[in-house]
$ cat target.pdb   # PDB, C-alpha atoms
ATOM      1  CA  MET V 192     -93.450 207.720 157.437
ATOM      2  CA  GLN V 193     -90.512 206.656 159.618
ATOM      3  CA  ARG V 194     -89.469 209.127 162.241
ATOM      4  CA  SER V 195     -85.837 210.048 162.525
ATOM      5  CA  PRO V 196     -84.145 210.175 165.961
ATOM      6  CA  SER V 197     -83.356 213.764 165.119
ATOM      7  CA  SER V 198     -87.047 214.507 164.829
ATOM      8  CA  PRO V 199     -88.532 216.150 167.949
ATOM      9  CA  ALA V 200     -91.502 213.759 167.785
ATOM     10  CA  PHE V 201     -89.138 210.813 168.291
ATOM     11  CA  TRP V 202     -88.441 211.822 171.901
ATOM     12  CA  PRO V 203     -91.399 211.416 174.335
ATOM     13  CA  ALA V 204     -89.694 213.917 176.620
ATOM     14  CA  PRO V 205     -87.398 216.839 175.917
ATOM     15  CA  ARG V 206     -84.068 215.725 174.521
ATOM     16  CA  HIS V 207     -82.002 217.377 177.243
ATOM     17  CA  ILE V 208     -83.766 215.248 179.897
ATOM     18  CA  TRP V 209     -82.785 212.019 178.130
ATOM     19  CA  LEU V 210     -79.231 213.192 177.677
ATOM     20  CA  ARG V 211     -79.027 214.075 181.337
ATOM     21  CA  LEU V 212     -80.337 210.663 182.363
ATOM     22  CA  LEU V 213     -77.786 208.958 180.147
ATOM     23  CA  SER V 214     -74.980 211.057 181.560
ATOM     24  CA  GLU V 215     -76.132 210.297 185.120
ATOM     25  CA  ASN V 216     -76.026 206.553 184.360
ATOM     26  CA  ARG V 217     -72.471 206.843 183.139
ATOM     27  CA  GLY V 218     -71.593 208.902 186.184
ATOM     28  CA  SER V 219     -72.932 206.231 188.553
ATOM     29  CA  GLN V 220     -70.740 203.652 186.885
ATOM     30  CA  LEU V 221     -67.711 205.851 187.399
ATOM     31  CA  VAL V 222     -68.612 206.290 191.056
ATOM     32  CA  GLU V 223     -69.011 202.531 191.501
ATOM     33  CA  PHE V 224     -65.650 201.941 189.842
ATOM     34  CA  ALA V 225     -63.984 204.568 192.041
ATOM     35  CA  VAL V 226     -65.376 202.856 195.142
ATOM     36  CA  ALA V 227     -64.403 199.344 194.021
ATOM     37  CA  LEU V 228     -60.917 200.226 192.757
ATOM     38  CA  PRO V 229     -59.252 200.661 196.196
ATOM     39  CA  LEU V 230     -60.721 197.372 197.373
ATOM     40  CA  LEU V 231     -59.442 195.653 194.244
ATOM     41  CA  VAL V 232     -55.986 197.165 194.722
ATOM     42  CA  PHE V 233     -55.914 196.142 198.420
ATOM     43  CA  PHE V 234     -56.947 192.598 197.520
ATOM     44  CA  THR V 235     -54.379 192.289 194.730
ATOM     45  CA  VAL V 236     -51.504 193.692 196.769
ATOM     46  CA  GLY V 237     -52.526 191.578 199.764
ATOM     47  CA  VAL V 238     -52.484 188.368 197.735
ATOM     48  CA  PHE V 239     -49.104 189.273 196.249
ATOM     49  CA  ASP V 240     -47.701 190.247 199.660
ATOM     50  CA  PHE V 241     -48.777 187.095 201.474
ATOM     51  CA  GLY V 242     -47.646 184.977 198.537
ATOM     52  CA  SER V 243     -44.201 186.594 198.658
ATOM     53  CA  ALA V 244     -43.982 186.126 202.438
ATOM     54  CA  PHE V 245     -44.917 182.446 202.086
ATOM     55  CA  THR V 246     -42.236 182.017 199.412
ATOM     56  CA  VAL V 247     -39.637 183.642 201.680
ATOM     57  CA  LYS V 248     -40.706 181.327 204.518
ATOM     58  CA  GLN V 249     -40.221 178.274 202.295
ATOM     59  CA  LYS V 250     -36.799 179.459 201.142
ATOM     60  CA  LEU V 251     -35.663 180.132 204.699
ATOM     61  CA  GLY V 252     -36.796 176.659 205.710
ATOM     62  CA  GLY V 253     -34.620 175.098 203.033
ATOM     63  CA  MET V 254     -31.664 177.288 204.010
ATOM     64  CA  ALA V 255     -31.960 176.380 207.688
ATOM     65  CA  GLN V 256     -32.142 172.668 206.879
ATOM     66  CA  GLU V 257     -29.091 172.821 204.631
ATOM     67  CA  ALA V 258     -27.152 174.841 207.210
ATOM     68  CA  ALA V 259     -28.069 172.373 209.968
ATOM     69  CA  ARG V 260     -26.966 169.461 207.777
ATOM     70  CA  VAL V 261     -23.595 171.101 207.111
ATOM     71  CA  GLY V 262     -23.154 171.955 210.789
ATOM     72  CA  ALA V 263     -24.058 168.439 211.905
ATOM     73  CA  SER V 264     -21.473 166.954 209.551
ATOM     74  CA  GLN V 265     -18.638 168.965 211.149
ATOM     75  CA  PRO V 266     -16.461 167.210 213.764
ATOM     76  CA  GLU V 267     -17.222 168.248 217.334
ATOM     77  CA  ASN V 268     -13.547 168.311 218.296
ATOM     78  CA  ASP V 269     -12.783 170.962 215.676
ATOM     79  CA  LEU V 270     -10.972 173.715 217.559
ATOM     80  CA  THR V 271      -9.565 175.357 214.437
ATOM     81  CA  TYR V 272     -10.338 179.035 214.031
ATOM     82  CA  GLN V 273     -11.027 180.543 210.650
ATOM     83  CA  SER V 274      -9.143 183.775 210.135
ATOM     84  CA  GLY V 275     -10.760 186.709 208.420
ATOM     85  CA  SER V 276     -14.231 188.176 208.834
ATOM     86  CA  CYS V 277     -15.702 185.181 210.672
ATOM     87  CA  ASP V 278     -12.918 184.706 213.230
ATOM     88  CA  GLN V 279     -14.545 181.679 214.831
ATOM     89  CA  LEU V 280     -14.626 177.884 214.608
ATOM     90  CA  VAL V 281     -14.526 176.520 211.081
ATOM     91  CA  ALA V 282     -17.760 174.580 211.669
ATOM     92  CA  VAL V 283     -19.627 177.717 212.717
ATOM     93  CA  CYS V 284     -18.223 179.750 209.824
ATOM     94  CA  ALA V 285     -19.286 176.977 207.436
ATOM     95  CA  VAL V 286     -22.885 177.322 208.607
ATOM     96  CA  ARG V 287     -22.758 181.081 208.084
ATOM     97  CA  ASP V 288     -21.294 180.659 204.598
ATOM     98  CA  VAL V 289     -24.012 178.176 203.609
ATOM     99  CA  VAL V 290     -26.787 180.586 204.606
ATOM    100  CA  ALA V 291     -25.102 183.591 202.973
ATOM    101  CA  HIS V 292     -24.571 181.665 199.736
ATOM    102  CA  SER V 293     -28.179 180.400 199.766
ATOM    103  CA  LEU V 294     -29.512 183.939 200.223
ATOM    104  CA  ALA V 295     -27.427 185.159 197.284
ATOM    105  CA  SER V 296     -28.573 182.235 195.124
ATOM    106  CA  ALA V 297     -32.200 183.051 195.961
ATOM    107  CA  LYS V 298     -31.551 186.705 195.008
ATOM    108  CA  MET V 299     -32.320 187.809 198.560
ATOM    109  CA  ASN V 300     -30.434 190.455 200.497
ATOM    110  CA  ASP V 301     -27.963 188.727 202.848
ATOM    111  CA  CYS V 302     -28.006 191.805 205.137
ATOM    112  CA  GLY V 303     -24.217 191.671 205.354
ATOM    113  CA  LEU V 304     -24.133 188.102 206.712
ATOM    114  CA  ALA V 305     -21.307 187.045 204.391
ATOM    115  CA  SER V 306     -18.879 189.278 206.292
ATOM    116  CA  ALA V 307     -20.398 189.095 209.785
ATOM    117  CA  ALA V 308     -18.660 187.722 212.872
ATOM    118  CA  PRO V 309     -20.587 185.797 215.541
ATOM    119  CA  ASN V 310     -20.993 186.308 219.252
ATOM    120  CA  PHE V 311     -20.286 183.249 221.398
ATOM    121  CA  ALA V 312     -22.945 182.934 224.089
ATOM    122  CA  GLY V 313     -21.592 179.768 225.702
ATOM    123  CA  SER V 314     -24.992 178.286 226.465
ATOM    124  CA  VAL V 315     -28.520 179.319 225.458
ATOM    125  CA  PRO V 316     -31.518 177.366 226.862
ATOM    126  CA  GLN V 317     -33.205 177.006 223.475
ATOM    127  CA  PHE V 318     -30.025 175.925 221.720
ATOM    128  CA  GLY V 319     -27.927 174.251 224.414
ATOM    129  CA  PRO V 320     -24.193 174.718 225.002
ATOM    130  CA  LEU V 321     -21.795 175.909 222.313
ATOM    131  CA  THR V 322     -24.075 178.547 220.813
ATOM    132  CA  TRP V 323     -23.076 181.285 218.384
ATOM    133  CA  THR V 324     -25.238 184.129 217.070
ATOM    134  CA  PHE V 325     -24.699 186.251 213.977
ATOM    135  CA  THR V 326     -26.609 189.551 214.142
ATOM    136  CA  THR V 327     -26.268 191.823 211.140
ATOM    137  CA  GLN V 328     -28.341 194.394 209.276
ATOM    138  CA  GLY V 329     -26.369 195.710 206.314
ATOM    139  CA  SER V 330     -28.828 197.331 203.904
ATOM    140  CA  CYS V 331     -31.836 195.436 205.301
ATOM    141  CA  PRO V 332     -34.610 197.302 207.173
ATOM    142  CA  SER V 333     -33.887 195.303 210.332
ATOM    143  CA  ASN V 334     -31.511 192.690 211.709
ATOM    144  CA  LEU V 335     -30.942 189.270 210.222
ATOM    145  CA  ILE V 336     -30.228 186.859 213.086
ATOM    146  CA  LEU V 337     -28.578 183.482 212.563
ATOM    147  CA  THR V 338     -28.175 181.306 215.661
ATOM    148  CA  VAL V 339     -26.120 178.115 215.593
ATOM    149  CA  GLY V 340     -26.311 175.665 218.504
ATOM    150  CA  ARG V 341     -23.754 172.868 218.187
ATOM    151  CA  GLY V 342     -24.639 171.166 221.470
ATOM    152  CA  PHE V 343     -28.430 171.028 221.245
ATOM    153  CA  THR V 344     -29.909 167.820 222.722
ATOM    154  CA  TYR V 345     -33.292 166.134 222.551
ATOM    155  CA  THR V 346     -34.666 162.767 223.648
ATOM    156  CA  THR V 347     -36.367 160.099 221.594
ATOM    157  CA  ASN V 348     -37.670 156.575 222.093
ATOM    158  CA  LEU V 349     -36.243 153.905 219.820
ATOM    159  CA  SER V 350     -38.122 150.674 219.197
ATOM    160  CA  ASN V 351     -36.676 147.196 218.814
ATOM    161  CA  PRO V 352     -33.901 146.164 218.551
ATOM    162  CA  PHE V 353     -33.084 149.095 220.851
ATOM    163  CA  SER V 354     -35.178 147.752 223.762
ATOM    164  CA  ASN V 355     -37.596 150.713 223.735
ATOM    165  CA  ARG V 356     -35.143 152.827 225.661
ATOM    166  CA  THR V 357     -35.056 156.630 225.764
ATOM    167  CA  TYR V 358     -31.962 158.045 224.111
ATOM    168  CA  THR V 359     -30.495 161.518 224.261
ATOM    169  CA  ILE V 360     -29.500 162.777 220.822
ATOM    170  CA  GLU V 361     -26.937 165.522 220.360
ATOM    171  CA  ALA V 362     -27.609 167.718 217.363
ATOM    172  CA  THR V 363     -26.979 170.992 215.615
ATOM    173  CA  LYS V 364     -29.825 173.497 215.765
ATOM    174  CA  VAL V 365     -29.999 176.416 213.348
ATOM    175  CA  ASN V 366     -32.453 179.286 213.643
ATOM    176  CA  LEU V 367     -32.718 181.930 210.933
ATOM    177  CA  SER V 368     -34.710 185.135 211.468
ATOM    178  CA  TYR V 369     -35.094 187.319 208.377
ATOM    179  CA  PRO V 370     -36.662 190.824 208.090
ATOM    180  CA  TYR V 371     -39.542 191.028 205.610
ATOM    181  CA  SER V 372     -41.012 194.338 204.404
ATOM    182  CA  TRP V 373     -44.726 194.280 203.621
ATOM    183  CA  GLN V 374     -45.798 196.264 200.556
ATOM    184  CA  PHE V 375     -49.360 196.555 201.858
ATOM    185  CA  GLY V 376     -48.336 199.444 204.091
ATOM    186  CA  LYS V 377     -47.622 201.627 201.071
ATOM    187  CA  VAL V 378     -51.069 200.954 199.617
ATOM    188  CA  ILE V 379     -52.960 201.699 202.803
ATOM    189  CA  LYS V 380     -50.996 204.923 203.210
ATOM    190  CA  PHE V 381     -52.055 205.920 199.712
ATOM    191  CA  ALA V 382     -55.725 205.339 200.522
ATOM    192  CA  VAL V 383     -55.693 206.604 204.116
ATOM    193  CA  PRO V 384     -52.695 208.908 204.732
ATOM    194  CA  THR V 385     -53.265 208.919 208.505
ATOM    195  CA  ALA V 386     -53.388 205.128 208.796
ATOM    196  CA  THR V 387     -50.590 203.289 210.594
ATOM    197  CA  PHE V 388     -49.363 199.864 209.565
ATOM    198  CA  ASN V 389     -46.418 197.853 210.844
ATOM    199  CA  GLY V 390     -44.749 197.124 207.529
ATOM    200  CA  LEU V 391     -41.951 194.935 208.908
ATOM    201  CA  SER V 392     -41.994 191.382 210.229
ATOM    202  CA  GLN V 393     -39.369 188.819 211.174
ATOM    203  CA  ILE V 394     -39.873 185.543 209.322
ATOM    204  CA  THR V 395     -38.154 182.707 211.154
ATOM    205  CA  SER V 396     -37.250 179.130 210.381
ATOM    206  CA  THR V 397     -35.602 176.473 212.544
ATOM    207  CA  ALA V 398     -33.966 173.179 211.652
ATOM    208  CA  VAL V 399     -32.387 170.437 213.773
ATOM    209  CA  MET V 400     -30.007 167.761 212.505
ATOM    210  CA  GLN V 401     -28.374 164.969 214.498
ATOM    211  CA  ASN V 402     -24.623 165.390 214.773
ATOM    212  CA  LEU V 403     -22.779 162.817 212.720
ATOM    213  CA  TYR V 404     -19.546 162.931 214.741
TER     214      TYR V 404
END
$ encode --input "target.pdb" --output "structure tokens"
Amino acid sequence: MQRSPSSPAFWPAPRHIWLRLLSENRGSQLVEFAVALPLLVFFTVGVFDFGSAFTVKQKLGGMAQEAARVGASQPENDLTYQSGSCDQLVAVCAVRDVVAHSLASAKMNDCGLASAAPNFAGSVPQFGPLTWTFTTQGSCPSNLILTVGRGFTYTTNLSNPFSNRTYTIEATKVNLSYPYSWQFGKVIKFAVPTATFNGLSQITSTAVMQNLY
């Protein structure tokens, strides 16, 4: 005679003990999941955050290179001022416009750069003479800083047929510093409300291009 699971003889121990053991097993799985879930969320958000920051870094590198190329192609004897929001040399305004357009094309906040006017610093050690700096925030969490050095110089050794001499090259140097907000800070606040995390970093990129004029 086959015993049915509903038959008391089928259970070697009281039924409520087995049911309790089964429920405890399911409960341990829920506890394990609850412990692992925050770690999984941190890992996922961290990968996404660092991936996004790396993408922004690559985009800024391309923007700085393009801006330096445009600046280097401008004549050095250009003393024409551009009227309007830029109110500076045409060559310097052209660099600003290239970066602002590139940010818009990349669907990134230009932080008000498109309408910003520069400050002329005269000479900055890292950028040489004829240096202009655009500092603007707009709706960004911090300042976007674009520095354009039209008189930056560096030395290089040229091989034959240049007699292995050391030459001084005049170039345009562009530095772009962009504010990046980390999303990881929101996650860690959710898990540990009292935790502190600096959720803002400046991602920078620099490019140098030999002046063509």
$ closest_residue --input "target.pdb" --among "V:Thr326, V:Val289, V:Gln401, V:Leu294" --to "Thr347 in chain V" --atoms "all atoms listed in the file"
V:Gln401
$ atom_distance --input "target.pdb" --atom1 "CA of Pro332 in chain V" --atom2 "CA of Pro229 in chain V"
27.2 Å
$ closest_atom_pairs --input "target.pdb" --of "range 274-356 of chain V" --to "range 387-398 of chain V" --cutoff "9 Å" --atoms "all atoms listed in the file" --output "CSV"
residue,atom,partner,partner_atom,distance
V:Pro332,CA,V:Leu391,CA,7.9
V:Ser333,CA,V:Leu391,CA,8.2
V:Asn334,CA,V:Gln393,CA,8.8
V:Leu335,CA,V:Gln393,CA,8.5
$ write_last_selection --input "target.pdb" --atoms "C-alpha atoms" --output "PDB file, keeping the file's coordinate frame"
ATOM      1  CA  PRO V 332     -34.610 197.302 207.173  1.00  0.00           C
ATOM      2  CA  SER V 333     -33.887 195.303 210.332  1.00  0.00           C
ATOM      3  CA  ASN V 334     -31.511 192.690 211.709  1.00  0.00           C
ATOM      4  CA  LEU V 335     -30.942 189.270 210.222  1.00  0.00           C
TER       5      LEU V 335
END
$ atom_distance --input "target.pdb" --atom1 "CA of Thr346 in chain V" --atom2 "CA of Val281 in chain V"
27.4 Å
$ closest_atom_pairs --input "target.pdb" --of "range 316-392 of chain V" --to "range 234-243 of chain V" --cutoff "7 Å" --atoms "all atoms listed in the file" --output "JSON lines"
{"residue": "V:Trp373", "atom": "CA", "partner": "V:Asp240", "partner_atom": "CA", "distance": 6.4}
{"residue": "V:Gln374", "atom": "CA", "partner": "V:Asp240", "partner_atom": "CA", "distance": 6.4}
{"residue": "V:Phe375", "atom": "CA", "partner": "V:Val236", "partner_atom": "CA", "distance": 6.2}
$ write_last_selection --input "target.pdb" --atoms "C-alpha atoms" --output "mmCIF file, keeping the file's coordinate frame"
data_model
loop_
_atom_site.group_PDB
_atom_site.id
_atom_site.type_symbol
_atom_site.label_atom_id
_atom_site.label_comp_id
_atom_site.auth_asym_id
_atom_site.auth_seq_id
_atom_site.Cartn_x
_atom_site.Cartn_y
_atom_site.Cartn_z
ATOM 1 C CA TRP V 373 -44.726 194.280 203.621
ATOM 2 C CA GLN V 374 -45.798 196.264 200.556
ATOM 3 C CA PHE V 375 -49.360 196.555 201.858
#
$ resolve_selection --input "target.pdb" --expression "the PyMOL selection byres ((chain V and resi 257) around 12)" --output "VMD selection string"
chain V and resid 250 to 256 258 to 264 285 to 294 363 to 367 396 to 400
$ residues_near_point --input "target.pdb" --point "(-23.2, 182.3, 214.0)" --cutoff "6 Å" --atoms "all atoms listed in the file" --output "ChimeraX atom specification"
/V:283,309,323-325,337-339
$ resolve_selection --input "target.pdb" --expression "the PyMOL selection byres ((chain V and resi 331) around 9)" --output "JSON, numbers by chain"
{"V": [300, 301, 302, 303, 327, 328, 329, 330, 332, 333, 334, 335, 370, 371]}
$ atom_distance --input "target.pdb" --atom1 "CA of Asp278 in chain V" --atom2 "CA of Phe311 in chain V"
11.1 Å
$ residues_around --input "target.pdb" --residues "Thr359 in chain V" --least-positions-apart "4" --cutoff "12 Å" --atoms "all atoms listed in the file" --output "ChimeraX atom specification"
/V:342-349,401-402
$ resolve_selection --input "target.pdb" --expression "the PyMOL selection byres ((chain V and resi 322) around 7)" --output "list in words"
Phe311, Ala312, Gly313, Ser314, Val315, Phe318, Gly319, Pro320, Leu321, Trp323, Thr324, Val339, Gly340 and Arg341 of chain V
